[in-house]
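Encoded as structure tokens, the structure appears first; notes follow it.
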Amino acid sequence: MAHVAKTVTACILGFIAIPAWAGPLDEMAIERWAKLREAERFQLNAAERLYREHQWKPAADEYEKFLKLYEKSEGAAYSQLKWSHCQVQLRKQNAAIKDGYQSVLDYFPDSPEAPVAALFVGRTSRDMGDIAPAKKAYAKVLSSYPKHFTAAMARLDLVDIAVKENDLQARTNLLRELTYDVERKGPTVEPCVTAARQFARLTFHTGQFEEGLKALATTCTEIDLPVHLMHPTLGGLPQVVSELTGAMDEPTKKLGEKLTDASAGWLKVQATNWLKDPKTKPQALGAWYAAAEVRRQARQPDKQKVVYDEMLAALGADDQTFGYLAQWYKDNKQRELARTTYAKYKDVAAGQGQIAHSYEEEVKYDLAAEIYRKLAIADAKTAPKWLSAAAMAYRRGSKPDLAIAVYRELLTSDATQAAEYHFQIAETLYHASRWKECIQAYRGTDRFPHNYQHMATSFRRLKQPDEAITLYRQIIAASAPHASWALLQIGHAQEEAGKKEDAIKTFKMVCDKFPKTTEGSQAHSILNEKYKIPVTLGGAKD
Amino acid sequence: MFRVRITKRRALIATLLFALLWCSLVVIWGNYLGMFAPIGWGVLYILGLAWVVYAVEQTARAIEARRRMEKDKPGLVWNPFDLAACYYFRHAQRLLQSLLVLGAYSILFCVLYILAYLTWGNRAGAHDYDLPSGGGSDAMQASSVKVQKVIRKKFVINPYSSIVFAAPPPIDQIDVKLTDESANRYSVGQGAGATGEGDGDGAGFGSGTGKGKIYFVRLKHGDRGWDKNFGIGGDRNMLAEYGARTKQKIAEETEYIEAAVVAKKRLPLLYISGSSSLPLSAADKKSLKQYITEQHGMILGDNLGGVGFHNAFVAAMNEITGVQGVAIPRDDRIHQRPYPLPQLPIVVAHGGTTPIGWKIDGRWVAYYHPGALSDAWRDDHAGIRKEVYELCYQLGVNVIYYAYREYNQWLMSQKQ
């Protein structure tokens with residue numbers, strides 16, 4: 001339960017927290033390292049090692065020590081900057097700005113670290129939610145260091161702020177500037193490329209394909225453009241098309257259709273041109289498939305199929321195109337036609353495998369297993385793969401005995417993977433709720449603690465909680481990351497055994513020993529809500 | 001065809017039923033009636049007035065008829081229903097009687113109106129949330145160290161004594177021996193101005209009033225955990241601790257309030273707790289938005305149950321404030337004044353271990369504690385270590401102080 005909360009928090013914090021960079025923002029040039037004296041280098045290396053190991057507090061102490069000992073050194077400004085980074089990681093952002101980054105600006109204004117420190121004054125303020133001071137700091141970076149790479153990064157950060165403030169005009173202007181006006185060299189390339197991609201997506205949203213394409217073309221070669229266009233985090237064309245054509249209002253829908261026609265047309269032209277050269281044929285095919293995908297995202301299945309038909313007419317029979325076409329039939333609920341298409345594969349085994357898979361999708365597991373078995377007989381080399389697929393089809397079809405028979409067959413025919421097949425047999429029995437047999441089967445496997453966890457669950461299903469508790473204790477002893485989970489499960493097992501007092505004690509122990517974990521939260525809720533016990537123990541500091 | 005005849009008796013019953021129903025509605029949902037309130041009260045007033053006029057008229061006529069029968073001249077009459085009453089004089093007696101009845105009826109009606117809106121229990125809203133007057137500061141005072149000199153005993157020596165004493169060293173060469181450092185360190189509430197902000201006397205705030213107090217008010221909402229740790233033995237402990245530590249005046253009890261009315265309340269801090277969800281309607285969210293933006297209020301969120309409340313609270317605050325939540329720095333003012341807190345105390349991590357804040361114009365408008373803060377405020381402190389629950393009290397003091405201080409500054413700026 002609480003892991004979801006932690007994930008959400010982690011997302012928030014991940015978004016706002018500054019990562020431990022490795023690049024121009026937290027590294028010193030080799031030439032400057034060479035200027036350090038031996039003692040200075042030794043001290044700075046000690047700090048750097050701790051920094052790399054994410055030991056922020058000792059690293060900050062070491063950087064501080066360097067500053068005290070060698071305040072006139074070439075590495076002093078760098079040391080001050082890194083001390084500030086450590087403070088940010090320790091969530092002391094105010095100290096980082098006032099005593100760290102600002103000190104770099106005040107005492108080492110001409111050092112290479114000064115522009116970086118100025119940028120981080122803005123970034124750290126932004127991450128603390130202080131938008132106005134952040135904007136001011138970014139403006140200072142732009143005015144004081146207009147040609148420095150930090151100016152490009154500051155602009156990109158300002159784009160983020162504009163997005164949050166719904167300031168479309170500022171966002172567009174900044175992105176355009178970064179895409180076309182800022183010179184791309186060294187560390188400036190990355191923010192400019194990111195901005196160009198964002199600008200392309202923004203332009204696609206207004207239905208202007210040509211403008212977006214022009215922006216995206218600044219980030220890659222022409223031959224890579226279709227791939228970049230279709231990639232969700234680069235050009236993001238399919239997502240934009242889907243969003244626009246799926247809108248409820250007619251004008252937005254029309255924008256989407258306009259974008260679809262323009263992009264599909266351009267992709268087809270590129271495919272036609274590149275097909276003339278055998279060297280660029282793979283890219284040509286990619287572009288053509290991309291045109292079909294754009295039609296699919298635009299909810300134009302007929303036009304999508306036309307693309308596949310055109311490809312088959314122009315290029316002849318091809319497994320990949322057949323695969324796309326069959327998928328189209330499946331999407332449009334024509335499963336028999338899909339299977340007919342799969343049957344046309346040049347690679348017969350692959351085609352039959354797809355047919356079997358389509359039966360599985362229709363919950364016709366016997367038919368699927370039959371095909372997989374035939375495929376296994378046809379080719380001894382690929383037999384284990386097909387037999388495993390057949391066993392899985394039987395498992396999905398609630399026929400564990402048949403699945404186990406297949407796995408046993410595999411144990412002899414493919415002895416190298418015996419451990420895996422033993423494990424699959426145990427899993428099959430577990431999911432079939434055959435508890436006694438699965439316990440025996442798990443005993444022969446080596447995937448700890450998964451096997452112990454499932455064995456303990458099986459014992460609990462067999463109303464043997466004491467056996468389960470013994471296993472949970474072994475998990476606690478052998479696997480620290482699973483200790484809190486196992487202790488909570490002991491509590492549940494004691495509840496099932498009717499030992500409520502013991503269970504309460506165990507839940508309290510979970511709260512006391514693991515207050516920062518998901519299980520601690522769960523145990524706390526159980527004690528509060530189920531047993532109405534407010535004194536849960538626990539308590540921690542972070 | 002069935003026809004209903006309006007008789008005097010039926011009309012009276014209908015009027016009484018309407019009055020009863022309306023008063024019940026006001027007592028139960030008084031804050032939600034909106035525009036229906038004046039209409040309902042108006043109808044009740046007119047109906048009541050009609051009955052009063054009718055009753056007075058009938059009584060006056062009966063008295064007049066009886067007097068005609070008796071033929072005796074009455075003495076000094078005081079009965080207000082009698083037109084011959086001495087205070088109606090000789091002319092325009094009926095007019096004066098009508099005015100008197102109208103006045104008396106209106107006063108009684110006002111009393112009824114006030115009674116209907118009176119609230120019992122700890123429901124908030126019946127009073128203003130003035131700040132306690134006073135002044136002070138939250139600045140840390142430097143710790144002082146006093147050196148205690150130990151002067152050696154001096155002996156008066158008989159120069160003719162047979163005992164030989166070495167001459168004592170000069171007084172300035174005496175080796176100073178420190179027996180102890182006086183641990184005169186700053187504690188919250190200590191100092192001339194006490195804890196607060198402003199130039200007034202005692203602990204409090206410059207914009208406060210004599211009747212002002214520190215209130216701890218929580219939001220009533222649909223989740224079952226909204227009132228967990230409420231009242232005596234729960235959040236009342238926190239309020240008492242705040243009072244004891246800062247010397248500021250506090251309310252007698254903690255209170256609750258509905259989201260629908262919070263928009264109009266000049267309340268510096270609103271506490272929201274829950275265990276599984278935070279069911280707020282669009283109107284509630286609008287009201288909370290007005291509360292934090294127009295009334296300059298602050299929200300303290302406390303997760304008492306798990307991921308459901310965590311997600312709901314974070315999403316609601318993102319929507320209400322219009323900004324994204326950020327991790328509150330350890331060295332932020334809210335974690336440093338009056339108590340410097342090096343780490344965040346939690347009872348159990350229902351929503352992680354990092355406090356999340358929502359900042360507008362440099363002010364935290366919402367503070368979210370992910371780990372059952374108010375469990376530590378209870379009498380039993382949830383059984384956690386003293387060290388941790390003491391930090392939980394300190395965090396509570398810091399958040400309350402922050403909210404009231406920000407509110408005080410806002411009030412001061414408005415006065416200017």
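Here's how to read the names in the structure tokens: chain A, B, ... by the order shown, residue numbers from 1 in each chain, ligand numbers from 1 in the order shown.
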Using only C-alpha atoms, which protein or nucleic acid residues come within 10 Å of Glu409 (chain A)? Drop anything in the same chain fewer than 4 positions from it, and give the result as a compact mmCIF listing (two decimals) with N, CA and C atoms, in the first residue's frame.
# COMPACT_ATOMS: atom_id res chain seq x y z
N PRO A 384 12.45 -26.70 -27.02
CA PRO A 384 12.21 -26.21 -25.64
C PRO A 384 11.39 -24.93 -25.60
N LEU A 387 7.79 -25.88 -26.40
CA LEU A 387 7.19 -26.68 -25.33
C LEU A 387 6.91 -25.82 -24.11
N ALA A 403 0.49 -29.21 -18.07
CA ALA A 403 1.65 -28.31 -18.05
C ALA A 403 2.84 -28.99 -17.37
N ILE A 404 2.56 -29.64 -16.24
CA ILE A 404 3.66 -30.30 -15.51
C ILE A 404 4.25 -31.43 -16.35
N ALA A 405 3.37 -32.12 -17.06
CA ALA A 405 3.86 -33.20 -17.94
C ALA A 405 4.83 -32.64 -18.97
N SER A 413 14.62 -33.53 -21.85
CA SER A 413 15.11 -33.13 -23.18
C SER A 413 16.03 -31.91 -23.12
N ASP A 414 15.90 -31.05 -22.11
CA ASP A 414 16.71 -29.84 -22.03
C ASP A 414 17.26 -29.71 -20.60
N ALA A 415 18.16 -30.61 -20.26
CA ALA A 415 18.64 -30.71 -18.87
C ALA A 415 19.39 -29.47 -18.42
N TYR A 421 12.96 -25.35 -15.01
CA TYR A 421 11.74 -26.17 -15.18
C TYR A 421 11.22 -26.65 -13.82
With DSSP run on the backbone, what are the strand (DSSP E or B) residues within region 150-332 of chain B? I'd like them as an MDAnalysis selection string. chainID B and resid 184 196:199 203:205 209 214 217:220 250 255:258 269:274 298:303 326:327
Store the residues picked out above in a file with C-alpha atoms, as an mmCIF file, in the first residue's frame.
data_model
loop_
_atom_site.group_PDB
_atom_site.id
_atom_site.type_symbol
_atom_site.label_atom_id
_atom_site.label_comp_id
_atom_site.auth_asym_id
_atom_site.auth_seq_id
_atom_site.Cartn_x
_atom_site.Cartn_y
_atom_site.Cartn_z
ATOM 1 C CA ASN B 184 22.228 29.176 30.429
ATOM 2 C CA GLY B 196 5.827 36.147 19.252
ATOM 3 C CA GLU B 197 6.215 39.087 16.948
ATOM 4 C CA GLY B 198 5.697 42.753 17.552
ATOM 5 C CA ASP B 199 6.340 45.388 20.143
ATOM 6 C CA ALA B 203 3.952 36.765 24.307
ATOM 7 C CA GLY B 204 1.755 37.365 21.312
ATOM 8 C CA PHE B 205 1.497 39.234 18.062
ATOM 9 C CA THR B 209 -6.304 41.847 20.382
ATOM 10 C CA ILE B 214 -4.244 30.680 19.534
ATOM 11 C CA VAL B 217 -9.104 24.045 14.299
ATOM 12 C CA ARG B 218 -9.474 20.935 12.152
ATOM 13 C CA LEU B 219 -11.448 20.367 8.996
ATOM 14 C CA LYS B 220 -14.454 18.075 9.149
ATOM 15 C CA ILE B 250 -4.576 29.650 23.839
ATOM 16 C CA GLU B 255 -12.385 22.904 17.385
ATOM 17 C CA TYR B 256 -13.610 21.667 14.037
ATOM 18 C CA ILE B 257 -15.050 23.437 11.041
ATOM 19 C CA GLU B 258 -16.755 22.486 7.770
ATOM 20 C CA LEU B 269 -4.144 27.548 10.611
ATOM 21 C CA LEU B 270 -6.407 24.698 9.562
ATOM 22 C CA TYR B 271 -5.489 21.121 10.429
ATOM 23 C CA ILE B 272 -6.562 18.300 8.090
ATOM 24 C CA SER B 273 -6.092 14.670 9.025
ATOM 25 C CA GLY B 274 -7.334 11.448 7.475
ATOM 26 C CA MET B 298 -2.403 27.810 6.094
ATOM 27 C CA ILE B 299 -3.182 24.088 6.028
ATOM 28 C CA LEU B 300 -1.412 21.436 8.078
ATOM 29 C CA GLY B 301 -1.988 17.955 6.637
ATOM 30 C CA ASP B 302 -1.375 14.844 8.700
ATOM 31 C CA ASN B 303 -1.484 11.319 7.324
ATOM 32 C CA VAL B 326 8.062 20.354 -3.042
ATOM 33 C CA ALA B 327 10.175 18.761 -0.335
#
Starting from chain B, keep only residues with some atom at most 9 Å from an atom of chain A, counting only C-alpha atoms, and report them as a PyMOL selection string. chain B and resi 275+304-308+310-311+322-332+342-354+356-363+371+375-376+380-385+388-389+391
Dump as an mmCIF file, in the first residue's frame, selection limited to C-alpha atoms:
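File produced: selection-v9.cif:
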data_model
loop_
_atom_site.group_PDB
_atom_site.id
_atom_site.type_symbol
_atom_site.label_atom_id
_atom_site.label_comp_id
_atom_site.auth_asym_id
_atom_site.auth_seq_id
_atom_site.Cartn_x
_atom_site.Cartn_y
_atom_site.Cartn_z
ATOM 1 C CA SER B 275 -6.594 7.782 7.207
ATOM 2 C CA LEU B 304 -2.918 8.981 9.946
ATOM 3 C CA GLY B 305 -3.540 5.953 7.782
ATOM 4 C CA GLY B 306 -1.821 5.232 4.524
ATOM 5 C CA VAL B 307 -1.396 5.726 0.831
ATOM 6 C CA GLY B 308 -5.020 6.641 0.143
ATOM 7 C CA HIS B 310 -1.392 10.603 0.943
ATOM 8 C CA ASN B 311 -2.418 10.556 -2.704
ATOM 9 C CA GLY B 322 -2.258 25.646 -8.241
ATOM 10 C CA VAL B 323 1.402 24.800 -7.570
ATOM 11 C CA GLN B 324 3.229 21.516 -7.212
ATOM 12 C CA GLY B 325 4.341 20.285 -3.828
ATOM 13 C CA VAL B 326 8.062 20.354 -3.042
ATOM 14 C CA ALA B 327 10.175 18.761 -0.335
ATOM 15 C CA ILE B 328 10.515 21.269 2.474
ATOM 16 C CA PRO B 329 14.184 21.956 3.207
ATOM 17 C CA ARG B 330 15.543 20.923 6.572
ATOM 18 C CA ASP B 331 16.894 24.414 7.095
ATOM 19 C CA ASP B 332 13.682 26.196 6.205
ATOM 20 C CA PRO B 342 17.598 18.763 12.484
ATOM 21 C CA GLN B 343 15.385 15.860 11.405
ATOM 22 C CA LEU B 344 11.733 15.205 10.705
ATOM 23 C CA PRO B 345 10.080 13.139 13.446
ATOM 24 C CA ILE B 346 7.565 10.512 12.340
ATOM 25 C CA VAL B 347 5.503 7.953 14.206
ATOM 26 C CA VAL B 348 5.224 5.667 11.212
ATOM 27 C CA ALA B 349 5.854 6.403 7.542
ATOM 28 C CA HIS B 350 2.416 6.251 5.944
ATOM 29 C CA GLY B 351 3.481 8.439 3.039
ATOM 30 C CA GLY B 352 7.263 8.369 3.025
ATOM 31 C CA THR B 353 9.540 10.308 5.324
ATOM 32 C CA THR B 354 9.752 13.672 3.603
ATOM 33 C CA ILE B 356 5.936 18.201 1.415
ATOM 34 C CA GLY B 357 5.023 21.855 1.163
ATOM 35 C CA TRP B 358 3.122 24.098 -1.222
ATOM 36 C CA LYS B 359 4.513 27.590 -1.511
ATOM 37 C CA ILE B 360 2.791 30.672 -2.885
ATOM 38 C CA ASP B 361 4.600 34.027 -2.985
ATOM 39 C CA GLY B 362 7.302 32.818 -0.638
ATOM 40 C CA ARG B 363 4.865 31.509 1.987
ATOM 41 C CA GLY B 371 3.792 10.091 9.366
ATOM 42 C CA ASP B 375 -0.515 10.307 17.206
ATOM 43 C CA ALA B 376 2.556 11.519 19.056
ATOM 44 C CA ASP B 380 -0.034 7.796 25.267
ATOM 45 C CA HIS B 381 2.227 9.262 22.525
ATOM 46 C CA ALA B 382 1.514 6.044 20.552
ATOM 47 C CA GLY B 383 4.149 4.381 22.713
ATOM 48 C CA ILE B 384 7.055 5.978 20.873
ATOM 49 C CA ARG B 385 10.285 7.212 22.434
ATOM 50 C CA VAL B 388 10.697 11.459 19.046
ATOM 51 C CA TYR B 389 7.413 12.658 20.530
ATOM 52 C CA LEU B 391 10.323 16.510 18.400
#
List the neighbours of region 110-116 of chain B out to 8 Å using only C-alpha atoms; skip same-chain residues closer than 3 positions along the sequence, and give me the result as an MDAnalysis selection string. chainID B and resid 23 26:27 106:107
Since we have the selection now, will you write its residues out, keeping N, CA and C atoms, as a short mmCIF file (atom, residue, chain, number, x, y, z; two decimals), in the first residue's frame?
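Listing of result02.cif after writing:
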data_model
loop_
_atom_site.label_atom_id
_atom_site.label_comp_id
_atom_site.auth_asym_id
_atom_site.auth_seq_id
_atom_site.Cartn_x
_atom_site.Cartn_y
_atom_site.Cartn_z
N CYS B 23 -36.88 25.75 12.15
CA CYS B 23 -35.88 25.89 13.22
C CYS B 23 -34.95 24.67 13.24
N VAL B 26 -32.45 24.98 10.44
CA VAL B 26 -31.42 25.98 10.74
C VAL B 26 -30.39 25.42 11.72
N VAL B 27 -30.89 24.70 12.73
CA VAL B 27 -29.96 24.15 13.73
C VAL B 27 -29.02 23.13 13.09
N SER B 106 -41.06 41.65 17.23
CA SER B 106 -39.78 41.69 16.51
C SER B 106 -38.63 41.32 17.43
N ILE B 107 -38.67 41.81 18.68
CA ILE B 107 -37.59 41.49 19.63
C ILE B 107 -37.57 39.99 19.91
#
Which residues in region 300-357 of chain B does DSSP call alpha helix (DSSP H)? List them as a VMD selection string. chain B and resid 307 to 321
When you look at Leu216 (chain A) with a cut-off of 10 Å (counting only C-alpha atoms), what residues show up, excluding the ones that are within fewer than 2 positions of it in the same chain? I need them as a PyMOL selection string. chain A and resi 179+193-201+210-214+218-222+225+228-229+234-235
Write to file, as a PDB file, in the first residue's frame, the residues of the selection just made, with N, CA and C atoms.
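Saved file selection08.pdb follows:
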ATOM      1  N   THR A 179      16.202  26.705 -29.832  1.00  0.00           N
ATOM      2  CA  THR A 179      16.238  25.839 -31.023  1.00  0.00           C
ATOM      3  C   THR A 179      17.060  26.459 -32.143  1.00  0.00           C
ATOM      4  N   VAL A 193      19.130  20.730 -27.744  1.00  0.00           N
ATOM      5  CA  VAL A 193      18.449  19.595 -28.383  1.00  0.00           C
ATOM      6  C   VAL A 193      17.141  19.289 -27.648  1.00  0.00           C
ATOM      7  N   THR A 194      17.212  19.295 -26.332  1.00  0.00           N
ATOM      8  CA  THR A 194      15.993  19.055 -25.545  1.00  0.00           C
ATOM      9  C   THR A 194      14.938  20.099 -25.874  1.00  0.00           C
ATOM     10  N   ALA A 195      15.381  21.347 -25.962  1.00  0.00           N
ATOM     11  CA  ALA A 195      14.440  22.434 -26.264  1.00  0.00           C
ATOM     12  C   ALA A 195      13.840  22.263 -27.655  1.00  0.00           C
ATOM     13  N   ALA A 196      14.677  21.863 -28.612  1.00  0.00           N
ATOM     14  CA  ALA A 196      14.186  21.693 -29.982  1.00  0.00           C
ATOM     15  C   ALA A 196      13.105  20.608 -30.034  1.00  0.00           C
ATOM     16  N   ARG A 197      13.316  19.532 -29.295  1.00  0.00           N
ATOM     17  CA  ARG A 197      12.310  18.464 -29.253  1.00  0.00           C
ATOM     18  C   ARG A 197      11.006  18.966 -28.620  1.00  0.00           C
ATOM     19  N   GLN A 198      11.168  19.720 -27.548  1.00  0.00           N
ATOM     20  CA  GLN A 198       9.968  20.273 -26.895  1.00  0.00           C
ATOM     21  C   GLN A 198       9.242  21.238 -27.842  1.00  0.00           C
ATOM     22  N   PHE A 199      10.042  22.023 -28.565  1.00  0.00           N
ATOM     23  CA  PHE A 199       9.446  22.995 -29.496  1.00  0.00           C
ATOM     24  C   PHE A 199       8.693  22.265 -30.613  1.00  0.00           C
ATOM     25  N   ALA A 200       9.289  21.149 -31.070  1.00  0.00           N
ATOM     26  CA  ALA A 200       8.627  20.362 -32.119  1.00  0.00           C
ATOM     27  C   ALA A 200       7.268  19.857 -31.618  1.00  0.00           C
ATOM     28  N   ARG A 201       7.251  19.301 -30.425  1.00  0.00           N
ATOM     29  CA  ARG A 201       5.982  18.772 -29.882  1.00  0.00           C
ATOM     30  C   ARG A 201       4.948  19.886 -29.698  1.00  0.00           C
ATOM     31  N   GLU A 210       5.150  21.122 -40.570  1.00  0.00           N
ATOM     32  CA  GLU A 210       6.402  21.577 -41.199  1.00  0.00           C
ATOM     33  C   GLU A 210       7.301  22.290 -40.187  1.00  0.00           C
ATOM     34  N   GLU A 211       6.682  23.153 -39.395  1.00  0.00           N
ATOM     35  CA  GLU A 211       7.439  23.934 -38.407  1.00  0.00           C
ATOM     36  C   GLU A 211       8.074  23.002 -37.360  1.00  0.00           C
ATOM     37  N   GLY A 212       7.270  22.035 -36.911  1.00  0.00           N
ATOM     38  CA  GLY A 212       7.771  21.085 -35.918  1.00  0.00           C
ATOM     39  C   GLY A 212       8.900  20.243 -36.475  1.00  0.00           C
ATOM     40  N   LEU A 213       8.723  19.824 -37.719  1.00  0.00           N
ATOM     41  CA  LEU A 213       9.741  19.001 -38.381  1.00  0.00           C
ATOM     42  C   LEU A 213      11.056  19.768 -38.516  1.00  0.00           C
ATOM     43  N   LYS A 214      10.901  21.057 -38.817  1.00  0.00           N
ATOM     44  CA  LYS A 214      12.080  21.914 -38.970  1.00  0.00           C
ATOM     45  C   LYS A 214      12.858  21.982 -37.640  1.00  0.00           C
ATOM     46  N   THR A 218      16.821  19.893 -36.425  1.00  0.00           N
ATOM     47  CA  THR A 218      18.061  20.459 -35.856  1.00  0.00           C
ATOM     48  C   THR A 218      18.692  19.505 -34.835  1.00  0.00           C
ATOM     49  N   THR A 219      18.000  18.418 -34.527  1.00  0.00           N
ATOM     50  CA  THR A 219      18.509  17.523 -33.472  1.00  0.00           C
ATOM     51  C   THR A 219      19.099  16.223 -34.016  1.00  0.00           C
ATOM     52  N   CYS A 220      18.865  15.942 -35.295  1.00  0.00           N
ATOM     53  CA  CYS A 220      19.364  14.668 -35.844  1.00  0.00           C
ATOM     54  C   CYS A 220      19.533  14.777 -37.351  1.00  0.00           C
ATOM     55  N   THR A 221      20.077  13.711 -37.948  1.00  0.00           N
ATOM     56  CA  THR A 221      20.242  13.717 -39.408  1.00  0.00           C
ATOM     57  C   THR A 221      18.893  13.431 -40.064  1.00  0.00           C
ATOM     58  N   GLU A 222      18.814  13.742 -41.343  1.00  0.00           N
ATOM     59  CA  GLU A 222      17.543  13.602 -42.051  1.00  0.00           C
ATOM     60  C   GLU A 222      17.066  12.140 -42.057  1.00  0.00           C
ATOM     61  N   LEU A 225      15.185  11.107 -38.989  1.00  0.00           N
ATOM     62  CA  LEU A 225      14.014  11.909 -38.628  1.00  0.00           C
ATOM     63  C   LEU A 225      12.749  11.083 -38.355  1.00  0.00           C
ATOM     64  N   HIS A 228      12.935   9.566 -34.929  1.00  0.00           N
ATOM     65  CA  HIS A 228      12.806  10.606 -33.897  1.00  0.00           C
ATOM     66  C   HIS A 228      11.380  11.147 -33.817  1.00  0.00           C
ATOM     67  N   LEU A 229      10.760  11.276 -34.992  1.00  0.00           N
ATOM     68  CA  LEU A 229       9.375  11.763 -35.028  1.00  0.00           C
ATOM     69  C   LEU A 229       8.450  10.852 -34.228  1.00  0.00           C
ATOM     70  N   LEU A 234      10.860  11.911 -27.942  1.00  0.00           N
ATOM     71  CA  LEU A 234      11.596  12.828 -28.818  1.00  0.00           C
ATOM     72  C   LEU A 234      10.596  13.703 -29.586  1.00  0.00           C
ATOM     73  N   GLY A 235      10.169  13.222 -30.746  1.00  0.00           N
ATOM     74  CA  GLY A 235       9.187  14.005 -31.515  1.00  0.00           C
ATOM     75  C   GLY A 235       7.775  13.855 -30.956  1.00  0.00           C
TER      76      GLY A 235
END
Give me, as an MDAnalysis selection string, all polymer residues having an atom no more than 10 Å from region 340-356 of chain A, counting only C-alpha atoms and skipping those fewer than 4 positions away in the same chain. chainID A and resid 317:327 329 335:336 360:362 364:372 374:376 378:379 382 386 389:390 393
Option closest in space to Ala264 (chain A), from A:Leu67, A:Ala292, A:Leu36, A:Ala162 [counting only C-alpha atoms]: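 Selected residue with least distance to Ala264 (chain A): A:Ala292.
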Skipping near chain neighbours, those fewer than 3 positions away, what residues fall within 12 Å of Asn79 (chain B) using only C-alpha atoms, listed as a count of residues only? 15
Have a look at CA of Val510 (chain A) and CA of Arg443 (chain A) and let me know their distance in Å, one decimal. 27.9 Å
So what do you get for CA of Asp130 (chain B) versus CA of Ser374 (chain B), distance-wise? 24.4 Å
